[in-house]
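*Asks:* What follows is input_16.txt; its format and atoms are compact mmCIF, C-alpha atoms.
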# COMPACT_ATOMS: atom_id res chain seq x y z
CA MET A 613 86.03 93.65 53.06
CA THR A 614 86.98 92.82 56.65
CA LEU A 615 84.47 92.24 59.42
CA ILE A 616 85.35 95.57 61.05
CA GLU A 617 84.82 97.42 57.77
CA GLY A 618 81.50 95.62 57.34
CA LEU A 619 80.37 96.67 60.82
CA GLN A 620 81.41 100.26 60.13
CA ASP A 621 79.54 100.38 56.83
CA SER A 622 76.47 98.36 57.76
CA PRO A 623 74.43 99.64 60.74
CA GLY A 624 72.04 96.71 60.41
CA LEU A 625 74.83 94.17 60.72
CA LEU A 626 76.25 96.04 63.71
CA MET A 627 72.88 96.07 65.47
CA LEU A 628 72.36 92.37 64.78
CA LEU A 629 75.79 91.50 66.13
CA CYS A 630 75.27 93.62 69.24
CA ALA A 631 71.86 92.05 69.84
CA LEU A 632 73.35 88.54 69.63
CA LEU A 633 76.25 89.56 71.84
CA GLY A 634 73.78 91.04 74.30
CA LEU A 635 71.82 87.78 74.43
CA MET A 636 74.98 85.85 75.27
CA VAL A 637 76.10 88.40 77.84
CA GLY A 638 72.60 88.32 79.33
CA SER A 639 73.01 84.60 79.92
CA PHE A 640 76.22 85.29 81.84
CA LEU A 641 74.55 88.14 83.74
CA ASN A 642 72.02 85.64 85.09
CA VAL A 643 74.95 83.79 86.66
CA VAL A 644 76.28 87.03 88.13
CA ILE A 645 72.85 88.00 89.44
CA LEU A 646 72.33 84.68 91.21
CA ARG A 647 75.84 83.96 92.45
CA LEU A 648 77.49 87.28 93.27
CA PRO A 649 75.23 88.11 96.28
CA ARG A 650 75.76 84.59 97.62
CA MET A 651 79.54 84.90 97.12
CA LEU A 652 79.52 88.19 99.03
CA GLU A 653 77.46 86.65 101.83
CA ILE A 654 79.95 83.80 102.19
CA SER A 655 82.85 86.27 102.25
CA TRP A 656 81.15 88.48 104.86
CA LYS A 657 80.48 85.50 107.12
CA GLN A 658 84.13 84.43 106.90
CA GLU A 659 85.29 87.94 107.78
CA ALA A 660 82.85 88.11 110.70
CA ARG A 661 84.08 84.80 112.10
CA GLN A 662 87.68 86.00 111.87
CA ILE A 663 86.87 89.29 113.64
CA LEU A 664 84.96 87.46 116.38
CA ASP A 665 87.74 84.88 116.61
CA LEU A 666 85.33 82.03 115.99
CA PRO A 667 86.51 78.64 114.70
CA GLU A 668 86.51 78.18 110.95
CA GLU A 669 83.74 76.15 109.38
CA PRO A 670 83.44 74.46 105.97
CA VAL A 671 82.85 77.02 103.25
CA GLU A 672 80.84 76.46 100.10
CA ARG A 673 83.09 76.67 97.05
CA LEU A 674 81.32 79.11 94.79
CA SER A 675 82.46 81.39 91.98
CA LEU A 676 81.07 82.71 88.72
CA SER A 677 82.54 79.67 86.95
CA HIS A 678 82.15 76.92 89.57
CA PRO A 679 80.10 74.81 89.97
CA PRO A 680 78.65 74.33 86.47
CA SER A 681 75.04 75.35 85.99
CA THR A 682 72.57 72.86 87.44
CA CYS A 683 68.86 72.70 88.15
CA PRO A 684 68.28 74.11 91.66
CA SER A 685 65.55 71.51 92.26
CA CYS A 686 67.13 68.22 91.18
CA GLY A 687 70.79 69.18 90.81
CA ASN A 688 71.16 67.74 87.30
CA GLY A 689 73.46 69.55 84.91
CA ILE A 690 71.99 71.75 82.19
CA LYS A 691 72.74 70.63 78.65
CA PRO A 692 74.47 73.12 76.31
CA ARG A 693 71.47 73.36 73.98
CA HIS A 694 69.25 74.29 76.90
CA ASN A 695 71.62 77.15 77.74
CA ILE A 696 70.93 78.92 74.44
CA PRO A 697 69.66 82.39 75.43
CA VAL A 698 65.85 82.67 75.41
CA LEU A 699 65.44 79.74 72.97
CA GLY A 700 66.64 77.21 75.55
CA TRP A 701 63.96 78.33 78.02
CA LEU A 702 61.31 78.26 75.28
CA MET A 703 62.34 74.75 74.16
CA LEU A 704 61.97 73.54 77.72
CA ARG A 705 58.68 75.46 78.09
CA GLY A 706 60.01 76.94 81.29
CA ARG A 707 60.60 73.59 82.99
CA CYS A 708 63.64 71.48 83.85
CA ALA A 709 64.28 68.72 81.31
CA SER A 710 64.91 66.19 84.13
CA CYS A 711 62.52 66.92 86.99
CA LYS A 712 60.04 69.26 85.23
CA ALA A 713 60.41 71.84 88.00
CA SER A 714 59.56 75.38 86.96
CA ILE A 715 62.43 77.55 85.71
CA SER A 716 62.20 81.22 86.62
CA VAL A 717 61.13 83.55 83.82
CA GLN A 718 63.92 85.83 85.00
CA TYR A 719 66.39 83.95 82.80
CA PRO A 720 64.84 84.71 79.38
CA LEU A 721 63.74 88.19 80.49
CA VAL A 722 67.28 89.22 81.47
CA GLU A 723 68.68 87.73 78.27
CA ALA A 724 66.08 89.37 76.04
CA ALA A 725 66.37 92.73 77.82
CA THR A 726 70.15 92.70 77.53
CA GLY A 727 69.92 91.86 73.82
CA LEU A 728 67.39 94.61 73.09
CA LEU A 729 69.26 97.25 75.09
CA SER A 730 72.50 96.31 73.35
CA LEU A 731 70.76 96.67 69.99
CA ALA A 732 69.50 100.11 71.04
CA CYS A 733 73.06 101.16 71.93
CA ALA A 734 74.29 100.07 68.49
CA TRP A 735 71.43 101.96 66.82
CA HIS A 736 72.17 105.14 68.74
CA PHE A 737 75.97 105.26 68.80
CA GLY A 738 77.05 103.31 65.73
CA TRP A 739 80.54 101.91 65.39
CA GLY A 740 83.16 103.40 67.72
CA TYR A 741 84.44 103.73 71.26
CA PRO A 742 81.19 105.22 72.61
CA LEU A 743 79.36 102.05 71.61
CA ALA A 744 81.86 99.86 73.45
CA GLY A 745 81.52 101.99 76.55
CA ALA A 746 77.72 102.11 76.31
CA LEU A 747 77.53 98.32 76.07
CA VAL A 748 79.65 97.83 79.20
CA LEU A 749 77.58 100.40 81.11
CA THR A 750 74.32 98.81 79.91
CA TRP A 751 75.34 95.31 80.96
CA ALA A 752 76.46 96.52 84.39
CA LEU A 753 73.18 98.39 84.90
CA VAL A 754 71.14 95.31 83.98
CA ALA A 755 73.01 93.22 86.54
CA LEU A 756 72.69 95.89 89.25
CA THR A 757 68.98 96.35 88.57
CA VAL A 758 68.05 92.69 89.00
CA ILE A 759 70.40 92.14 91.95
CA ASP A 760 68.85 95.10 93.76
CA LEU A 761 65.33 93.88 92.99
CA ARG A 762 66.17 90.43 94.36
CA THR A 763 68.35 91.31 97.36
CA MET A 764 68.17 95.09 98.03
CA LEU A 765 71.92 95.12 97.38
CA LEU A 766 74.10 97.10 94.95
CA PRO A 767 77.49 95.34 95.15
CA ASP A 768 80.63 97.48 95.40
CA THR A 769 82.30 94.94 93.11
CA ILE A 770 80.20 96.38 90.28
CA THR A 771 79.46 100.00 91.24
CA LEU A 772 83.01 101.05 92.15
CA PRO A 773 84.77 99.62 89.05
CA LEU A 774 81.98 101.20 87.00
CA MET A 775 82.76 104.59 88.51
CA TRP A 776 86.50 104.25 87.94
CA LEU A 777 85.95 103.10 84.36
CA GLY A 778 83.82 106.18 83.72
CA LEU A 779 86.63 108.40 85.01
CA LEU A 780 89.21 106.60 82.88
CA LEU A 781 87.08 106.95 79.76
CA ALA A 782 86.93 110.69 80.43
CA LEU A 783 90.70 110.82 79.89
CA VAL A 784 90.21 110.07 76.19
CA PRO A 785 87.44 111.50 76.34
CA VAL A 786 84.73 109.10 75.15
CA PHE A 787 81.56 110.71 76.52
CA ILE A 788 82.61 113.75 78.56
CA ASP A 789 85.78 115.57 79.63
CA LEU A 790 87.64 114.67 82.81
CA PRO A 791 86.60 117.71 84.94
CA SER A 792 82.92 117.00 84.22
CA ALA A 793 83.41 113.33 85.11
CA VAL A 794 85.22 114.04 88.39
CA ILE A 795 82.66 116.65 89.45
CA GLY A 796 79.87 114.28 88.34
CA ALA A 797 81.20 111.43 90.47
CA ALA A 798 81.63 113.63 93.54
CA ALA A 799 78.30 115.41 93.11
CA GLY A 800 76.47 112.15 92.41
CA TYR A 801 77.70 110.60 95.65
CA LEU A 802 77.34 113.67 97.84
CA SER A 803 73.86 114.60 96.60
CA LEU A 804 72.24 111.34 97.70
CA TRP A 805 74.48 111.14 100.75
CA SER A 806 73.13 114.52 101.85
CA VAL A 807 69.52 113.49 101.21
CA TYR A 808 70.09 110.26 103.16
CA HIS A 809 71.41 112.03 106.25
CA LEU A 810 68.81 114.78 106.11
CA PHE A 811 66.02 112.19 105.89
CA ARG A 812 67.52 110.25 108.80
CA LEU A 813 67.72 113.39 110.94
CA LEU A 814 64.09 114.28 110.21
CA THR A 815 62.54 110.82 110.49
CA GLY A 816 65.02 108.64 112.32
CA LYS A 817 64.89 106.17 109.42
CA GLU A 818 67.25 105.29 106.59
CA GLY A 819 65.70 106.22 103.26
CA MET A 820 68.24 104.51 101.00
CA GLY A 821 71.48 102.55 101.03
CA TYR A 822 75.07 103.53 100.35
CA GLY A 823 74.97 101.51 97.15
CA ASP A 824 72.60 104.11 95.69
CA PHE A 825 75.19 106.85 96.37
CA LYS A 826 77.87 104.85 94.58
CA LEU A 827 75.65 104.05 91.62
CA LEU A 828 74.79 107.72 91.10
CA ALA A 829 78.48 108.56 91.47
CA ALA A 830 79.22 106.06 88.70
CA LEU A 831 76.55 107.58 86.46
CA GLY A 832 77.98 111.03 87.17
CA ALA A 833 81.43 109.79 86.16
CA TRP A 834 80.06 108.50 82.86
CA MET A 835 77.72 111.35 81.94
CA GLY A 836 78.94 114.35 83.91
CA TRP A 837 77.45 116.54 86.59
CA THR A 838 75.02 118.24 84.19
CA ALA A 839 73.19 114.92 83.72
CA LEU A 840 72.58 114.38 87.45
CA PRO A 841 69.48 116.59 87.90
CA GLY A 842 67.75 114.87 84.99
CA ILE A 843 68.71 111.38 86.20
CA ILE A 844 67.55 112.10 89.76
CA LEU A 845 64.29 113.63 88.53
CA LEU A 846 63.55 110.73 86.15
CA SER A 847 64.36 108.08 88.75
CA SER A 848 62.31 109.82 91.46
CA VAL A 849 59.24 110.20 89.24
CA VAL A 850 59.35 106.61 88.01
CA GLY A 851 60.04 105.31 91.53
CA ALA A 852 57.13 107.27 92.98
CA VAL A 853 54.73 106.12 90.27
CA VAL A 854 55.74 102.45 90.59
CA GLY A 855 55.57 102.64 94.39
CA ILE A 856 52.08 104.12 94.35
CA VAL A 857 50.87 101.54 91.83
CA MET A 858 52.27 98.69 93.96
CA ILE A 859 50.58 100.05 97.08
CA VAL A 860 47.20 100.56 95.36
CA ALA A 861 47.10 97.54 93.07
CA ARG A 862 48.91 94.94 95.14
CA GLY A 863 48.29 96.18 98.65
CA ARG A 864 51.99 96.51 99.36
CA ASP A 865 52.80 97.65 102.89
CA ARG A 866 53.96 101.27 102.78
CA GLN A 867 56.61 100.45 105.38
CA LEU A 868 58.27 97.83 103.19
CA PRO A 869 61.43 99.18 101.53
CA ILE A 870 61.47 99.64 97.76
CA PRO A 871 64.88 99.42 96.04
CA PHE A 872 65.87 102.71 94.43
CA GLY A 873 68.77 101.30 92.41
CA PRO A 874 66.63 99.99 89.52
CA TYR A 875 65.11 103.44 88.99
CA LEU A 876 68.53 105.10 89.05
CA ALA A 877 69.83 102.52 86.59
CA ALA A 878 66.85 102.95 84.24
CA ALA A 879 67.07 106.75 84.39
CA GLY A 880 70.82 106.62 83.79
CA TRP A 881 70.42 104.41 80.73
CA LEU A 882 67.64 106.59 79.31
CA TRP A 883 69.81 109.67 79.79
CA LEU A 884 72.73 107.93 78.09
CA ILE A 885 70.63 107.36 74.98
CA TRP A 886 68.13 110.24 74.97
CA GLY A 887 69.52 112.70 77.48
CA GLU A 888 69.96 115.57 75.04
CA ALA A 889 66.51 115.00 73.52
CA ILE A 890 64.89 114.94 76.97
CA LYS A 891 66.72 118.11 77.98
CA SER A 892 65.73 119.90 74.74
CA ALA A 893 62.10 118.84 75.10
CA TYR A 894 62.02 120.07 78.71
CA LEU A 895 63.65 123.43 77.91
CA SER A 896 61.34 123.99 74.93
CA THR A 897 58.34 124.04 77.26
CA TYR A 898 59.65 127.24 78.92
Could you show the structure in this file as structure tokens?
*Replies:*
Amino acid sequence: MTLIEGLQDSPGLLMLLCALLGLMVGSFLNVVILRLPRMLEISWKQEARQILDLPEEPVERLSLSHPPSTCPSCGNGIKPRHNIPVLGWLMLRGRCASCKASISVQYPLVEAATGLLSLACAWHFGWGYPLAGALVLTWALVALTVIDLRTMLLPDTITLPLMWLGLLLALVPVFIDLPSAVIGAAAGYLSLWSVYHLFRLLTGKEGMGYGDFKLLAALGAWMGWTALPGIILLSSVVGAVVGIVMIVARGRDRQLPIPFGPYLAAAGWLWLIWGEAIKSAYLSTY
């Protein structure tokens, strides 16, 4: 029996493999989450200096592969065994092996979340193309969620390829047919774009960023236009509840912006896995 045959015939083995793969991908996503916004900032500054015809200045060499991972406090390299997803952080008890500085709990949380969500995708879809697509979408949504929480940014370098990939998968089709994907991408973008401009006309303020439009367009390309009302409703309810809790429990200033991308990403993932069940449960109440 080949490995592929074993994965096809053994759901447990498939889920285990996807969970382990998710843990490893989660470790890489931490690199993306920390470095991609900085890489974009460096690029934007270079472009601004060129437009303003300012003299060039030394630029930090930074990519997803360079420099190697180091402790941000002491600069010492991280040993391979300490880079083991989740376990490495636990072995170090959340502190650098050299300088004992605290290591953010974000690292094991992102790794564990990516592993668990990948396992859930394997459980729901089983072996096949939908699982491969669901894993890619899940990993992208994890990265976008944490980046938006940290920086209030949803990078085009993730959202736009995600949208195009959803449209390409519709050619097969993997999740939905091509007309539904095209309409979903257009409707996803235009719906939030319209809300944004209406809110700005009424209040003079910007209620969300363009990255939110592109993320919903990507979700529409993957799941079709019929999924958009449910995704918007889920994300709005969760966002409102979390916002109210933060204001009441933590005294958060109501004027401080709250990123909407994480709620869109969470609602999109929930709809990917349980969309039909949620829709059936909602319709059964009427």
*Asks:* Please provide as a PyMOL selection string all residues within 12 Å of Ala799 (chain A), with the sequence filter that same-chain residues fewer than 4 positions apart are discarded (counting only C-alpha atoms).
*Replies:* chain A and resi 791-795+803-806+825-833+835-841+844
*Asks:* Region 700-732 of chain A near region 873-888 of chain A within 12 Å: what's each residue's closest atom pair and its distance in Å to one decimal, counting only C-alpha atoms, ordered by chain then ascending residue number, as CSV?
*Replies:*
residue,atom,partner,partner_atom,distance
A:Leu729,CA,A:Trp881,CA,9.2
A:Ser730,CA,A:Trp881,CA,11.2
A:Leu731,CA,A:Ile885,CA,11.8
A:Ala732,CA,A:Ile885,CA,8.3
*Asks:* Interatomic distance between CA of Leu783 (chain A) and CA of Ala744 (chain A)?
*Replies:*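 That distance, rounded to one decimal, is 15.5 Å.
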*Asks:* What does the structure give for the distance between CA of Arg705 (chain A) and CA of Leu633 (chain A), in Å to one decimal?
*Replies:*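 Taking CA of Arg705 (chain A) and CA of Leu633 (chain A), their separation equals 23.4 Å.
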*Asks:* Quick one: pull the distance between CA of Gly778 (chain A) and CA of Pro742 (chain A), Å, one decimal.
*Replies:* 11.5 Å
*Asks:* Which one is closest to Glu672 (chain A): A:Leu813, A:Met651, A:Ala709, A:Ile616? Count all atoms listed in the file.
*Replies:*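 Closest residue, counting all atoms listed in the file: A:Met651.
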*Asks:* Please return as an mmCIF file with C-alpha atoms, in the frame of the given file every residue within 8 Å of (65.5, 73.8, 85.3), taking into account all atoms listed in the file and the file's own coordinates.
*Replies:*
data_model
loop_
_atom_site.group_PDB
_atom_site.id
_atom_site.type_symbol
_atom_site.label_atom_id
_atom_site.label_comp_id
_atom_site.auth_asym_id
_atom_site.auth_seq_id
_atom_site.Cartn_x
_atom_site.Cartn_y
_atom_site.Cartn_z
ATOM 1 C CA THR A 682 72.570 72.860 87.440
ATOM 2 C CA CYS A 683 68.860 72.700 88.150
ATOM 3 C CA PRO A 684 68.280 74.110 91.660
ATOM 4 C CA SER A 685 65.550 71.510 92.260
ATOM 5 C CA ILE A 690 71.990 71.750 82.190
ATOM 6 C CA GLY A 706 60.010 76.940 81.290
ATOM 7 C CA ARG A 707 60.600 73.590 82.990
ATOM 8 C CA CYS A 708 63.640 71.480 83.850
ATOM 9 C CA ALA A 709 64.280 68.720 81.310
ATOM 10 C CA SER A 710 64.910 66.190 84.130
ATOM 11 C CA CYS A 711 62.520 66.920 86.990
ATOM 12 C CA LYS A 712 60.040 69.260 85.230
ATOM 13 C CA ALA A 713 60.410 71.840 88.000
ATOM 14 C CA SER A 714 59.560 75.380 86.960
ATOM 15 C CA ILE A 715 62.430 77.550 85.710
#
*Asks:* Tell me which of A:Met636, A:Leu648, A:Leu728, A:Leu721 sits closest to Ile696 (chain A), counting all atoms listed in the file.
*Replies:*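 The closest residue to Ile696 (chain A) is A:Met636.
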*Asks:* Show me, as JSON, numbers by chain, the residues that have an atom within 6 Å of Met627 (chain A) when counting all atoms listed in the file, minus same-chain residues fewer than 3 positions from it.
*Replies:* {"A": [624, 630, 731, 734]}
*Asks:* Specify the axis-aligned box that encloses all atoms of region 709-724 of chain A listed in the file after padding of 8 Å on each side, stating its centre and edge lengths in Å to one decimal as AutoDock Vina command-line options.
*Replies:*
--center_x 64.1 --center_y 77.8 --center_z 82.0 --size_x 25.1 --size_y 39.2 --size_z 28.0
*Asks:* Could you check the closest approach to Leu774 (chain A) for each of A:Val786, A:Val748, A:Ala755, A:Val807 and tell me which residue wins, using only C-alpha atoms?
*Replies:*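 Smallest separation from Leu774 (chain A) among the options: A:Val748.
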*Asks:* Can you work out which one of A:Pro767, A:Gly819, A:Pro773, A:Gly700 has the shortest atom-to-atom distance to Ser639 (chain A), counting all atoms listed in the file?
*Replies:* A:Gly700
*Asks:* Pick from A:Leu814, A:Leu674, A:Ala782, A:Val637: nearest to Ile654 (chain A), with only C-alpha atoms counted?
*Replies:*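 Comparing A:Leu814, A:Leu674, A:Ala782, A:Val637 against Ile654 (chain A), the winner is A:Leu674.
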